[in-house]
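Pasted below: structure-v5.cif, mmCIF, C-alpha atoms (C1' of nucleotides).
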```
data_target
loop_
_atom_site.label_atom_id
_atom_site.label_comp_id
_atom_site.auth_asym_id
_atom_site.auth_seq_id
_atom_site.Cartn_x
_atom_site.Cartn_y
_atom_site.Cartn_z
CA MET A 1232 -13.81 11.73 28.85
CA PRO A 1233 -15.37 14.30 31.18
CA GLN A 1234 -16.58 17.49 29.59
CA ALA A 1235 -13.69 19.46 31.02
CA ASP A 1236 -11.17 17.39 29.12
CA ARG A 1237 -13.04 17.82 25.91
CA ARG A 1238 -13.38 21.57 26.16
CA ILE A 1239 -9.80 22.21 27.08
CA SER A 1240 -8.76 20.74 23.82
CA ASN A 1241 -10.99 19.49 21.08
CA SER A 1242 -8.12 20.21 18.77
CA ARG A 1243 -7.36 16.53 18.60
CA GLU A 1244 -10.79 15.78 17.22
CA ASP A 1245 -10.55 18.73 14.87
CA ILE A 1246 -7.24 17.47 13.59
CA LEU A 1247 -8.57 13.96 13.07
CA ASP A 1248 -11.55 15.40 11.20
CA ALA A 1249 -9.19 17.34 9.00
CA ALA A 1250 -7.05 14.31 8.35
CA GLN A 1251 -10.10 12.42 7.17
CA ARG A 1252 -11.18 15.26 4.93
CA VAL A 1253 -7.74 15.49 3.39
CA ALA A 1254 -7.67 11.76 2.78
CA VAL A 1255 -11.06 11.83 1.08
CA ARG A 1256 -10.43 14.97 -0.91
CA GLU A 1257 -6.82 14.57 -1.97
CA GLY A 1258 -6.17 10.87 -1.63
CA PRO A 1259 -4.28 8.75 0.91
CA ALA A 1260 -0.87 9.88 -0.22
CA HIS A 1261 -1.57 13.51 0.57
CA VAL A 1262 -2.34 13.03 4.24
CA THR A 1263 0.74 14.98 5.31
CA LEU A 1264 1.24 17.03 8.43
CA ASP A 1265 1.25 20.20 6.36
CA ALA A 1266 -1.96 19.34 4.53
CA VAL A 1267 -3.77 18.36 7.71
CA ALA A 1268 -2.60 21.51 9.46
CA ARG A 1269 -3.75 23.66 6.58
CA ASP A 1270 -7.14 21.99 6.53
CA CYS A 1271 -7.91 22.36 10.20
CA GLY A 1272 -6.65 25.93 10.41
CA LEU A 1273 -3.79 25.08 12.70
CA SER A 1274 -0.11 25.38 12.07
CA LYS A 1275 2.00 22.28 11.64
CA GLY A 1276 3.53 22.93 15.03
CA GLY A 1277 0.07 22.95 16.51
CA VAL A 1278 -0.72 19.61 14.98
CA LEU A 1279 2.51 18.15 16.24
CA TYR A 1280 1.76 19.45 19.68
CA ASN A 1281 -1.40 17.36 19.76
CA PHE A 1282 0.07 14.36 17.97
CA PRO A 1283 3.79 14.15 18.66
CA SER A 1284 4.50 12.37 15.38
CA LYS A 1285 2.79 11.46 12.18
CA ASP A 1286 2.54 7.88 13.33
CA ALA A 1287 0.68 9.13 16.38
CA LEU A 1288 -1.73 10.93 14.10
CA ILE A 1289 -2.35 7.84 12.02
CA SER A 1290 -2.79 5.85 15.20
CA GLY A 1291 -5.35 8.35 16.32
CA MET A 1292 -7.23 8.01 13.05
CA LEU A 1293 -7.29 4.24 13.31
CA GLU A 1294 -8.36 4.21 16.93
CA ARG A 1295 -11.22 6.56 16.26
CA LEU A 1296 -12.25 4.54 13.24
CA ILE A 1297 -12.29 1.34 15.23
CA GLY A 1298 -14.19 3.11 17.97
CA THR A 1299 -17.04 4.09 15.71
CA ILE A 1300 -17.19 0.71 14.05
CA ARG A 1301 -17.22 -0.85 17.47
CA LEU A 1302 -20.22 1.25 18.36
CA ILE A 1303 -22.14 0.07 15.33
CA ILE A 1304 -21.27 -3.53 16.07
CA GLU A 1305 -22.25 -3.11 19.68
CA GLN A 1306 -25.66 -1.81 18.71
CA HIS A 1307 -26.26 -4.75 16.42
CA ARG A 1308 -25.07 -7.12 19.07
CA GLU A 1309 -27.37 -5.63 21.65
CA ALA A 1310 -30.29 -6.24 19.32
CA ARG A 1311 -29.34 -9.88 19.04
CA LYS A 1312 -28.70 -10.57 22.66
CA GLY A 1313 -29.80 -14.04 23.65
CA GLN A 1314 -29.95 -15.26 20.10
CA PRO A 1315 -27.24 -17.56 18.76
CA ASN A 1316 -23.97 -16.14 17.38
CA PRO A 1317 -24.70 -12.55 18.36
CA THR A 1318 -21.20 -11.24 17.74
CA LEU A 1319 -20.72 -12.88 14.38
CA ARG A 1320 -24.08 -11.72 13.17
CA ALA A 1321 -23.45 -8.22 14.45
CA VAL A 1322 -20.08 -8.02 12.72
CA VAL A 1323 -21.48 -9.28 9.44
CA ALA A 1324 -24.49 -7.00 9.58
CA ALA A 1325 -22.32 -4.01 10.46
CA SER A 1326 -20.11 -4.65 7.46
CA LYS A 1327 -22.98 -3.38 5.33
CA PHE A 1328 -22.28 0.09 6.62
CA THR A 1329 -18.63 0.06 5.72
CA ASP A 1330 -19.23 2.11 2.59
CA GLU A 1331 -19.86 5.05 4.85
CA PHE A 1332 -16.22 5.01 5.77
CA ASP A 1333 -14.36 6.38 2.82
CA PRO A 1334 -11.83 3.96 1.38
CA ASN A 1335 -9.27 6.72 1.15
CA VAL A 1336 -9.20 7.07 4.90
CA GLN A 1337 -8.60 3.39 5.36
CA MET A 1338 -6.02 3.37 2.62
CA ALA A 1339 -4.16 6.20 4.30
CA ILE A 1340 -3.86 4.08 7.41
CA LEU A 1341 -2.90 1.04 5.40
CA ALA A 1342 -0.18 2.91 3.55
CA ALA A 1343 1.25 4.14 6.82
CA ALA A 1344 1.10 0.62 8.19
CA ALA A 1345 3.26 -0.54 5.32
CA GLN A 1346 6.04 1.55 6.80
CA ASN A 1347 5.28 0.68 10.39
CA PRO A 1348 3.22 -2.46 10.96
CA GLU A 1349 2.83 -1.71 14.65
CA LEU A 1350 0.30 0.93 13.69
CA LEU A 1351 -2.20 -1.84 13.08
CA GLU A 1352 -1.97 -3.03 16.65
CA PRO A 1353 -5.37 -1.63 17.63
CA LEU A 1354 -6.92 -3.43 14.70
CA ARG A 1355 -5.22 -6.64 15.69
CA ALA A 1356 -6.58 -6.26 19.19
CA GLU A 1357 -10.09 -5.64 17.89
CA PHE A 1358 -9.88 -8.70 15.68
CA ALA A 1359 -8.61 -10.82 18.53
CA GLU A 1360 -11.57 -9.82 20.62
CA GLN A 1361 -14.07 -10.48 17.87
CA TYR A 1362 -12.41 -13.80 17.26
CA ALA A 1363 -12.63 -14.86 20.88
CA ASN A 1364 -16.28 -13.89 21.15
CA ILE A 1365 -17.30 -15.50 17.90
CA GLN A 1366 -15.50 -18.73 18.65
CA GLN A 1367 -17.00 -18.95 22.09
CA GLU A 1368 -20.51 -18.33 20.90
CA ALA A 1369 -20.43 -20.64 17.92
CA LYS A 1370 -21.78 -24.14 17.86
CA ASP A 1371 -19.57 -24.78 14.84
CA PRO A 1372 -16.47 -22.63 15.38
CA ASP A 1373 -14.82 -23.51 12.09
CA LEU A 1374 -17.86 -22.53 10.09
CA ALA A 1375 -18.14 -19.34 12.08
CA MET A 1376 -14.56 -18.47 11.18
CA VAL A 1377 -15.20 -19.11 7.52
CA LEU A 1378 -18.13 -16.73 7.53
CA TRP A 1379 -16.21 -14.15 9.49
CA ALA A 1380 -13.38 -14.38 7.00
CA ALA A 1381 -15.80 -14.04 4.13
CA THR A 1382 -16.97 -10.73 5.54
CA HIS A 1383 -13.42 -9.48 5.63
CA GLY A 1384 -12.81 -10.71 2.13
CA LEU A 1385 -15.70 -8.65 0.83
CA MET A 1386 -14.60 -5.64 2.83
CA PHE A 1387 -11.06 -5.74 1.55
CA GLN A 1388 -12.17 -6.21 -2.01
CA THR A 1389 -14.24 -3.06 -1.95
CA LEU A 1390 -11.61 -1.21 0.04
CA LEU A 1391 -9.05 -1.87 -2.66
CA GLY A 1392 -11.53 -1.31 -5.43
CA ILE A 1393 -10.95 -4.74 -6.90
CA ALA A 1394 -14.36 -6.28 -6.27
CA PRO A 1395 -15.68 -7.85 -9.46
CA PHE A 1396 -19.29 -7.03 -8.65
CA PRO A 1397 -21.36 -3.96 -7.78
CA ALA A 1398 -22.25 -2.91 -4.26
CA GLU A 1399 -25.78 -4.31 -4.47
CA ARG A 1400 -24.47 -7.77 -5.21
CA GLN A 1401 -22.19 -7.45 -2.23
CA ASN A 1402 -25.13 -6.67 -0.01
CA GLU A 1403 -26.92 -9.69 -1.40
CA LEU A 1404 -23.95 -11.79 -0.46
CA ILE A 1405 -23.87 -10.40 3.03
CA ASP A 1406 -27.52 -11.31 3.42
CA ARG A 1407 -26.68 -14.73 2.16
CA LEU A 1408 -23.96 -14.91 4.79
CA LEU A 1409 -26.41 -14.02 7.52
CA ALA A 1410 -28.84 -16.64 6.27
CA HIS A 1411 -26.05 -19.17 6.43
CA ILE A 1412 -25.33 -18.29 10.00
CA GLU A 1413 -28.93 -18.70 11.02
CA LYS A 1414 -29.19 -22.01 9.27
CA SER A 1415 -26.05 -23.27 10.95
CA ALA A 1416 -27.40 -22.34 14.36
CA ARG A 1417 -30.26 -24.78 14.08
CA MET B 283 8.75 -14.29 -25.94
CA PRO B 284 11.21 -16.07 -28.22
CA GLN B 285 14.57 -16.95 -26.73
CA ALA B 286 16.25 -14.09 -28.54
CA ASP B 287 14.18 -11.52 -26.70
CA ARG B 288 14.97 -12.99 -23.34
CA ARG B 289 18.70 -13.17 -23.88
CA ILE B 290 19.02 -9.63 -25.14
CA SER B 291 17.87 -8.26 -21.84
CA ASN B 292 17.14 -10.14 -18.67
CA SER B 293 17.78 -6.93 -16.80
CA ARG B 294 14.11 -6.47 -16.22
CA GLU B 295 13.90 -9.76 -14.40
CA ASP B 296 17.04 -8.96 -12.46
CA ILE B 297 15.56 -5.68 -11.37
CA LEU B 298 12.31 -7.28 -10.28
CA ASP B 299 14.29 -9.85 -8.31
CA ALA B 300 16.17 -7.06 -6.62
CA ALA B 301 13.00 -5.18 -5.83
CA GLN B 302 11.63 -8.24 -4.11
CA ARG B 303 14.80 -8.75 -2.14
CA VAL B 304 14.80 -5.14 -1.00
CA ALA B 305 11.17 -5.36 0.05
CA VAL B 306 11.82 -8.50 2.07
CA ARG B 307 15.08 -7.34 3.59
CA GLU B 308 14.40 -3.67 4.30
CA GLY B 309 10.63 -3.44 4.33
CA PRO B 310 8.04 -2.12 1.90
CA ALA B 311 8.88 1.53 2.52
CA HIS B 312 12.47 1.09 1.39
CA VAL B 313 11.69 -0.12 -2.09
CA THR B 314 13.14 2.99 -3.69
CA LEU B 315 14.71 3.29 -7.09
CA ASP B 316 18.09 3.84 -5.48
CA ALA B 317 17.82 0.83 -3.22
CA VAL B 318 16.69 -1.43 -6.03
CA ALA B 319 19.46 -0.16 -8.27
CA ARG B 320 22.05 -0.75 -5.58
CA ASP B 321 20.78 -4.27 -4.98
CA CYS B 322 20.86 -5.39 -8.58
CA GLY B 323 24.19 -3.77 -9.34
CA LEU B 324 22.75 -1.29 -11.76
CA SER B 325 22.64 2.47 -11.55
CA LYS B 326 19.40 4.29 -11.00
CA GLY B 327 19.54 5.40 -14.57
CA GLY B 328 19.79 1.79 -15.63
CA VAL B 329 16.74 0.86 -13.63
CA LEU B 330 14.80 3.77 -15.07
CA TYR B 331 15.86 2.74 -18.52
CA ASN B 332 14.12 -0.60 -18.05
CA PHE B 333 11.18 0.75 -16.10
CA PRO B 334 10.42 4.31 -17.12
CA SER B 335 8.95 5.19 -13.74
CA LYS B 336 8.60 3.79 -10.28
CA ASP B 337 4.98 3.01 -10.95
CA ALA B 338 6.09 0.97 -13.92
CA LEU B 339 8.41 -0.96 -11.64
CA ILE B 340 5.66 -1.66 -9.13
CA SER B 341 3.40 -2.67 -11.97
CA GLY B 342 6.05 -5.07 -13.13
CA MET B 343 6.28 -6.58 -9.66
CA LEU B 344 2.54 -7.07 -9.44
CA GLU B 345 2.23 -8.55 -12.89
CA ARG B 346 4.96 -11.06 -12.21
CA LEU B 347 3.41 -11.92 -8.87
CA ILE B 348 0.04 -12.53 -10.44
CA GLY B 349 1.69 -14.56 -13.14
CA THR B 350 3.24 -17.02 -10.72
CA ILE B 351 0.09 -17.31 -8.63
CA ARG B 352 -1.83 -17.91 -11.81
CA LEU B 353 0.49 -20.78 -12.61
CA ILE B 354 -0.13 -22.42 -9.27
CA ILE B 355 -3.86 -22.01 -9.65
CA GLU B 356 -3.72 -23.37 -13.16
CA GLN B 357 -1.95 -26.50 -11.98
CA HIS B 358 -4.53 -27.10 -9.30
CA ARG B 359 -7.31 -26.49 -11.77
CA GLU B 360 -5.86 -28.93 -14.24
CA ALA B 361 -5.87 -31.60 -11.54
CA ARG B 362 -9.55 -30.96 -10.89
CA LYS B 363 -10.71 -30.86 -14.45
CA GLY B 364 -14.11 -32.43 -14.90
CA GLN B 365 -14.92 -32.25 -11.21
CA PRO B 366 -17.34 -29.64 -9.94
CA ASN B 367 -16.16 -26.10 -9.11
CA PRO B 368 -12.63 -26.60 -10.43
CA THR B 369 -11.67 -22.93 -10.38
CA LEU B 370 -12.98 -22.19 -6.91
CA ARG B 371 -11.32 -25.27 -5.49
CA ALA B 372 -8.07 -24.43 -7.24
CA VAL B 373 -8.05 -20.89 -5.93
CA VAL B 374 -8.78 -21.98 -2.40
CA ALA B 375 -6.21 -24.75 -2.48
CA ALA B 376 -3.60 -22.41 -3.95
CA SER B 377 -4.15 -19.93 -1.15
CA LYS B 378 -2.35 -22.36 1.11
CA PHE B 379 0.85 -21.50 -0.66
CA THR B 380 0.52 -17.78 -0.20
CA ASP B 381 2.97 -17.77 2.71
CA GLU B 382 5.69 -18.39 0.18
CA PHE B 383 5.13 -14.90 -1.12
CA ASP B 384 6.61 -12.55 1.40
CA PRO B 385 4.09 -10.13 2.87
CA ASN B 386 6.57 -7.28 2.47
CA VAL B 387 6.48 -7.65 -1.28
CA GLN B 388 2.74 -7.47 -1.34
CA MET B 389 2.72 -4.60 1.07
CA ALA B 390 5.11 -2.67 -1.13
CA ILE B 391 2.64 -2.98 -3.97
CA LEU B 392 -0.25 -2.09 -1.71
CA ALA B 393 1.49 1.00 -0.42
CA ALA B 394 2.16 2.15 -3.95
CA ALA B 395 -1.44 1.46 -4.86
CA ALA B 396 -2.52 3.85 -2.13
CA GLN B 397 -0.93 6.61 -4.15
CA ASN B 398 -2.12 5.34 -7.50
CA PRO B 399 -5.04 2.91 -7.44
CA GLU B 400 -4.66 2.15 -11.14
CA LEU B 401 -1.66 0.05 -10.23
CA LEU B 402 -4.02 -2.64 -9.00
CA GLU B 403 -5.63 -2.97 -12.41
CA PRO B 404 -3.95 -6.32 -13.19
CA LEU B 405 -5.24 -7.67 -9.90
CA ARG B 406 -8.72 -6.43 -10.66
CA ALA B 407 -8.56 -8.17 -14.01
CA GLU B 408 -7.42 -11.41 -12.42
CA PHE B 409 -10.22 -11.23 -9.89
CA ALA B 410 -12.76 -10.54 -12.58
CA GLU B 411 -11.67 -13.62 -14.44
CA GLN B 412 -11.73 -15.83 -11.37
CA TYR B 413 -15.14 -14.44 -10.55
CA ALA B 414 -16.55 -15.20 -13.96
CA ASN B 415 -15.23 -18.74 -13.95
CA ILE B 416 -16.33 -19.51 -10.44
CA GLN B 417 -19.82 -18.14 -10.99
CA GLN B 418 -20.24 -20.08 -14.17
CA GLU B 419 -19.11 -23.35 -12.70
CA ALA B 420 -21.07 -23.11 -9.48
CA LYS B 421 -24.37 -24.80 -8.85
CA ASP B 422 -24.93 -22.29 -6.04
CA PRO B 423 -23.19 -19.08 -7.18
CA ASP B 424 -23.89 -17.15 -4.01
CA LEU B 425 -22.37 -19.80 -1.81
CA ALA B 426 -19.39 -20.01 -4.13
CA MET B 427 -18.84 -16.28 -3.75
CA VAL B 428 -19.00 -16.54 0.01
CA LEU B 429 -16.32 -19.20 0.04
CA TRP B 430 -14.20 -17.28 -2.44
CA ALA B 431 -14.48 -14.19 -0.27
CA ALA B 432 -13.54 -16.21 2.79
CA THR B 433 -10.30 -17.20 1.13
CA HIS B 434 -9.47 -13.58 0.50
CA GLY B 435 -10.38 -12.68 4.03
CA LEU B 436 -7.88 -15.17 5.38
CA MET B 437 -5.25 -14.03 2.91
CA PHE B 438 -5.60 -10.38 3.79
CA GLN B 439 -5.56 -11.08 7.49
CA THR B 440 -2.22 -12.82 7.28
CA LEU B 441 -0.90 -10.29 4.80
CA LEU B 442 -1.56 -7.49 7.27
CA GLY B 443 -0.42 -9.56 10.20
CA ILE B 444 -3.71 -9.15 12.01
CA ALA B 445 -4.92 -12.73 11.94
CA PRO B 446 -5.96 -13.80 15.41
CA PHE B 447 -4.85 -17.38 14.92
CA PRO B 448 -1.68 -19.24 13.93
CA ALA B 449 -0.94 -20.46 10.44
CA GLU B 450 -1.92 -24.05 11.22
CA ARG B 451 -5.38 -22.99 12.20
CA GLN B 452 -5.63 -21.08 8.98
CA ASN B 453 -4.78 -24.18 7.02
CA GLU B 454 -7.42 -26.08 8.96
CA LEU B 455 -9.92 -23.46 7.96
CA ILE B 456 -8.94 -23.68 4.33
CA ASP B 457 -9.46 -27.42 4.45
CA ARG B 458 -12.80 -26.77 6.03
CA LEU B 459 -13.55 -24.43 3.15
CA LEU B 460 -12.72 -27.09 0.63
CA ALA B 461 -14.90 -29.58 2.46
CA HIS B 462 -17.72 -27.11 2.28
CA ILE B 463 -17.33 -26.75 -1.43
CA GLU B 464 -17.43 -30.47 -1.98
CA LYS B 465 -20.50 -30.83 0.19
CA SER B 466 -22.26 -28.05 -1.68
CA ALA B 467 -21.57 -29.70 -5.00
CA ARG B 468 -23.67 -32.67 -4.13
"C1'" DA C 1034 37.37 -3.23 -45.40
"C1'" DA C 1035 37.67 1.04 -43.25
"C1'" DA C 1036 35.08 4.86 -41.78
"C1'" DA C 1037 30.93 7.06 -40.45
"C1'" DC C 1038 26.75 6.58 -38.36
"C1'" DT C 1039 23.07 4.71 -35.33
"C1'" DA C 1040 20.79 2.18 -31.64
"C1'" DT C 1041 20.88 -0.11 -27.31
"C1'" DA C 1042 21.87 -0.27 -22.63
"C1'" DC C 1043 23.59 1.98 -18.97
"C1'" DC C 1044 26.01 5.56 -15.85
"C1'" DG C 1045 26.09 9.07 -12.33
"C1'" DA C 1046 25.76 13.78 -11.13
"C1'" DC C 1047 22.38 16.76 -10.16
"C1'" DC C 1048 17.80 18.88 -8.97
"C1'" DA C 1049 13.48 20.37 -7.18
"C1'" DG C 1050 10.13 19.48 -4.23
"C1'" DA C 1051 8.01 17.22 -0.47
"C1'" DC C 1052 7.97 15.86 4.17
"C1'" DG C 1053 8.71 14.98 9.05
"C1'" DG C 1054 10.44 17.11 12.65
"C1'" DT C 1055 12.64 20.89 15.85
"C1'" DA C 1056 13.22 25.06 18.49
"C1'" DA C 1057 12.35 29.39 20.12
"C1'" DA C 1058 9.16 32.88 20.73
"C1'" DC C 1059 4.51 34.35 21.57
"C1'" DT C 1060 -0.32 34.25 23.71
"C1'" DA C 1061 -4.06 33.34 26.53
"C1'" DT C 1062 -5.82 31.41 30.56
"C1'" DA C 1063 -6.25 29.87 35.25
"C1'" DT D 719 3.31 34.05 36.71
"C1'" DA D 720 3.36 29.39 35.34
"C1'" DT D 721 1.49 26.39 32.13
"C1'" DA D 722 -0.94 24.77 28.00
"C1'" DG D 723 -1.52 25.67 23.42
"C1'" DT D 724 0.03 27.60 19.20
"C1'" DT D 725 2.89 30.13 15.63
"C1'" DT D 726 6.79 31.00 12.83
"C1'" DA D 727 10.80 29.95 10.78
"C1'" DC D 728 13.90 26.70 9.65
"C1'" DC D 729 16.49 22.28 8.86
"C1'" DG D 730 17.99 17.88 6.93
"C1'" DT D 731 16.85 14.16 4.43
"C1'" DC D 732 14.87 11.41 1.20
"C1'" DT D 733 13.23 10.43 -3.40
"C1'" DG D 734 11.57 10.31 -8.02
"C1'" DG D 735 13.00 11.93 -12.01
"C1'" DT D 736 16.05 14.47 -15.60
"C1'" DC D 737 19.85 14.87 -18.46
"C1'" DG D 738 24.18 14.87 -20.70
"C1'" DG D 739 27.35 11.60 -21.54
"C1'" DT D 740 29.61 6.82 -22.64
"C1'" DA D 741 30.68 2.26 -24.32
"C1'" DT D 742 29.56 -1.42 -27.18
"C1'" DA D 743 27.55 -3.63 -30.97
"C1'" DG D 744 25.50 -3.47 -35.19
"C1'" DT D 745 24.56 -1.19 -39.74
"C1'" DT D 746 25.37 1.60 -43.56
"C1'" DT D 747 28.26 4.09 -46.58
"C1'" DT D 748 32.27 4.86 -49.28
#
```

Would you mind writing the structure in this file as C-alpha cells?
Amino acid sequence: MPQADRRISNSREDILDAAQRVAVREGPAHVTLDAVARDCGLSKGGVLYNFPSKDALISGMLERLIGTIRLIIEQHREARKGQPNPTLRAVVAASKFTDEFDPNVQMAILAAAAQNPELLEPLRAEFAEQYANIQQEAKDPDLAMVLWAATHGLMFQTLLGIAPFPAERQNELIDRLLAHIEKSAR
Amino acid sequence: MPQADRRISNSREDILDAAQRVAVREGPAHVTLDAVARDCGLSKGGVLYNFPSKDALISGMLERLIGTIRLIIEQHREARKGQPNPTLRAVVAASKFTDEFDPNVQMAILAAAAQNPELLEPLRAEFAEQYANIQQEAKDPDLAMVLWAATHGLMFQTLLGIAPFPAERQNELIDRLLAHIEKSAR
DNA sequence: AAAACTATACCGACCAGACGGTAAACTATA
DNA sequence: TATAGTTTACCGTCTGGTCGGTATAGTTTT
C-alpha cells in the first residue's frame, strides 16, 4: 500500500465507509448497491467498477473489519509478549472493544453469508490462525479452547441482541475470563 | 391443543416441514414463499393463508425449533434433577445434538432476523429463562455464565462453518466443559 | 328436508417495487 | 491518445404481498 496506490483511488475506502454508514443508519437489509452509491456520492456504476459484484463489496467490508480487529488484537498481544497465553489473552481483552463495531455492519455481512457461505472465508482463516496460536501457547489446550469459545459466545449474543444481561455484566464476565486464564497458567 | 384442533389443520406443520426441506436442499436464501408453497404442494395463497406474512413463517420456524430443543434440554434436565447445576449441564449436554438441526435452517432464520431483529424474540426469551435458571442454581454464577457462553461459542462457530476444528474435537471440548462444571460444583 | 347463507381453506393470476448487473458514452489524467 | 475512473440509462428477475374467486362443509332459515 504505497501512497501512490492510495491516492489514485481511495474510492474503495470511501465506498466501504459508505457501506458501513448505510448499514448502521438503515439496517443490514438496506445495504444495497444503490444505497451505498447514493451515500458515497458515486453512481452505482462507479461502485461496481471498484467492487465488481455485491459479494466483492461485502468481502471488502469483512476484510477491512477483520483487519482493524487484528490490529487491536496485535496491540494487546504485543503488550503481553513473554507472558503466558498472549494470544488468548489478547483476543479476550480485545473482545471488550467489540461494541465499537456496530452490530448492523456485522449483521449485513452475516446476512450476505447466508446466501454465499464462502464470504466468511477470511473469518475462517482468521479463526484458524488464532486457534493455532492459542493451542500452541497453552499449557492446557482444552481449557484454552473453552475460554476462547466463551468469548465468541458472548460476542455472538450481543451481536444478535439476545444477551440476557447488560453490557457491564458482560465486561465483568470477560474480566472473569481473563482471571481464569491467568490462574490456569500457574 | 386438543386433538380436534390438530386434525382440522395440520397445514401449518406441513408448511414448516416444507420450509425446512427447502432451506436444507436449496440454501437459506431460497426459502421464499413460492418455493415453500411448491414444496408442500400448496399454492402461495395457501401458505399465506396459514402464515399471514413471511415473517410469520420464519417466526413459526424458529418457535418450532426452540420447542424441540427445549424438549431435549428438558429431558437432560430431568435426568439431572437434584444434582448441582442441572440446567447448565442439560444445556451443555444438549448442545451435542445440535448437528441434527441443519445449519441452513438456522441460517435462514438468522438471515431473516437481519432484516427484522424482532424475529429473534422467542430466542431471547429462551435465553433469558436459561440464564435465570443457571444463575440461580450455580454456586459460582460467573463461572457458570462463562461455561454457558462457551457452549454458544462452539455452537455459533459450527453454525457459521468457521470452526477451526472437526466435530469430534468439539465434542471433546463439550465433555471438557461438563467436567469443568462438575469440578466447580464441589 | 330443501334452500339460502356463511365460514374455512385454498387457488392462481397479477402487481409493484427492489435489486444486481450491463453496456455504451463521457471525462480527466498521464 | 490511451487508459482509468465514472455516469447514465436500462434490463431482467425475483419476491412478498394482494385480490377476486372457488369448493367444500357446516349452519340457519323456511

For chain D versus chain B, which residues have an atom no more than 9 Å away, and what is each residue's nearest atom pair and distance in Å rounded to one decimal, using only C-alpha atoms (C1' of nucleotides), chain-then-number order, as a Markdown table?
```
| residue | atom | partner | partner_atom | distance |
| --- | --- | --- | --- | --- |
| D:DT733 | C1' | B:Thr314 | CA | 7.4 |
| D:DG734 | C1' | B:Lys336 | CA | 7.5 |
| D:DG735 | C1' | B:Ser335 | CA | 8.1 |
```

Padding 8 Å on each side, edges along x, y and z: where is the centre of the box around the listed atoms of range 726-743 of chain D, and how long are its edges in Å to one decimal? Output it as AutoDock Vina command-line options.
```
--center_x 18.7 --center_y 13.7 --center_z -9.1 --size_x 39.9 --size_y 50.6 --size_z 59.8
```

Compare A:Ala1266, A:Ile1303, A:Met1292, A:Ala1249 by their minimum atom-to-atom distance to chain C, counting all atoms listed in the file, and give me the closest one.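 For chain C, the nearest of the given residues is A:Ala1266.
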
Once the PyMOL selection byres ((chain B) within 8 of (chain C)) is applied to the coordinates I shared, what remains selected? I want it as an NGL selection string. :B and (324-325 or 327-328 or 331)

Please write as a list in words the full residue list that the PyMOL selection byres ((chain A) within 6 of (chain B)) yields on this file.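 Output from the PyMOL selection byres ((chain A) within 6 of (chain B)), applied to this file: Ala1260, Met1338, Ala1342, Ala1345, Gln1346, Arg1355, Ala1359, Val1377, Ala1380, Ala1381, His1383, Gly1384, Leu1385, Ile1393 and Pro1395 of chain A.
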
Can you translate the PyMOL selection byres ((chain B and resi 463) around 8) into the concrete residues it hits in this file, as JSON, numbers by chain? {"B": [367, 371, 426, 429, 459, 460, 461, 462, 464, 465, 466, 467]}

Would you compute the distance between CA of Leu401 in chain B and CA of Asp1270 in chain A? Give it in Å to one decimal. 28.1 Å

Choose the residue, out of B:Val387, B:Ile416, B:Leu441, B:Leu347, that has the smallest atom-to-atom separation from Arg303 in chain B; count all atoms listed in the file. B:Val387

I'd like the interatomic distance between CA of Asp1286 in chain A and CA of Gln1251 in chain A, to a tenth of an Å. 14.8 Å

Between CA of Ser377 in chain B and CA of Gly349 in chain B - distance in Å to one decimal: 14.4 Å

Would you mind completing range 1359-1370 of chain A to N, CA and C atoms and writing the output as an mmCIF file, in the coordinates of the input?
```cif
data_model
loop_
_atom_site.group_PDB
_atom_site.id
_atom_site.type_symbol
_atom_site.label_atom_id
_atom_site.label_comp_id
_atom_site.auth_asym_id
_atom_site.auth_seq_id
_atom_site.Cartn_x
_atom_site.Cartn_y
_atom_site.Cartn_z
ATOM 1 N N ALA A 1359 -8.806 -9.756 17.540
ATOM 2 C CA ALA A 1359 -8.610 -10.820 18.530
ATOM 3 C C ALA A 1359 -9.847 -10.941 19.415
ATOM 4 N N GLU A 1360 -10.400 -9.787 19.751
ATOM 5 C CA GLU A 1360 -11.570 -9.820 20.620
ATOM 6 C C GLU A 1360 -12.775 -10.406 19.880
ATOM 7 N N GLN A 1361 -12.975 -9.919 18.664
ATOM 8 C CA GLN A 1361 -14.070 -10.480 17.870
ATOM 9 C C GLN A 1361 -13.907 -11.987 17.737
ATOM 10 N N TYR A 1362 -12.700 -12.380 17.440
ATOM 11 C CA TYR A 1362 -12.410 -13.800 17.260
ATOM 12 C C TYR A 1362 -12.808 -14.603 18.489
ATOM 13 N N ALA A 1363 -12.348 -14.135 19.627
ATOM 14 C CA ALA A 1363 -12.630 -14.860 20.880
ATOM 15 C C ALA A 1363 -14.136 -14.977 21.098
ATOM 16 N N ASN A 1364 -14.829 -13.868 20.940
ATOM 17 C CA ASN A 1364 -16.280 -13.890 21.150
ATOM 18 C C ASN A 1364 -16.983 -14.828 20.185
ATOM 19 N N ILE A 1365 -16.619 -14.697 18.923
ATOM 20 C CA ILE A 1365 -17.300 -15.500 17.900
ATOM 21 C C ILE A 1365 -17.066 -16.986 18.135
ATOM 22 N N GLN A 1366 -15.835 -17.329 18.415
ATOM 23 C CA GLN A 1366 -15.500 -18.730 18.650
ATOM 24 C C GLN A 1366 -16.298 -19.300 19.820
ATOM 25 N N GLN A 1367 -16.356 -18.494 20.865
ATOM 26 C CA GLN A 1367 -17.000 -18.950 22.090
ATOM 27 C C GLN A 1367 -18.499 -19.149 21.893
ATOM 28 N N GLU A 1368 -19.066 -18.277 21.068
ATOM 29 C CA GLU A 1368 -20.510 -18.330 20.900
ATOM 30 C C GLU A 1368 -20.961 -19.372 19.886
ATOM 31 N N ALA A 1369 -20.027 -19.824 19.064
ATOM 32 C CA ALA A 1369 -20.430 -20.640 17.920
ATOM 33 C C ALA A 1369 -20.593 -22.105 18.292
ATOM 34 N N LYS A 1370 -21.610 -22.703 17.715
ATOM 35 C CA LYS A 1370 -21.780 -24.140 17.860
ATOM 36 C C LYS A 1370 -20.759 -24.847 16.964
#
```
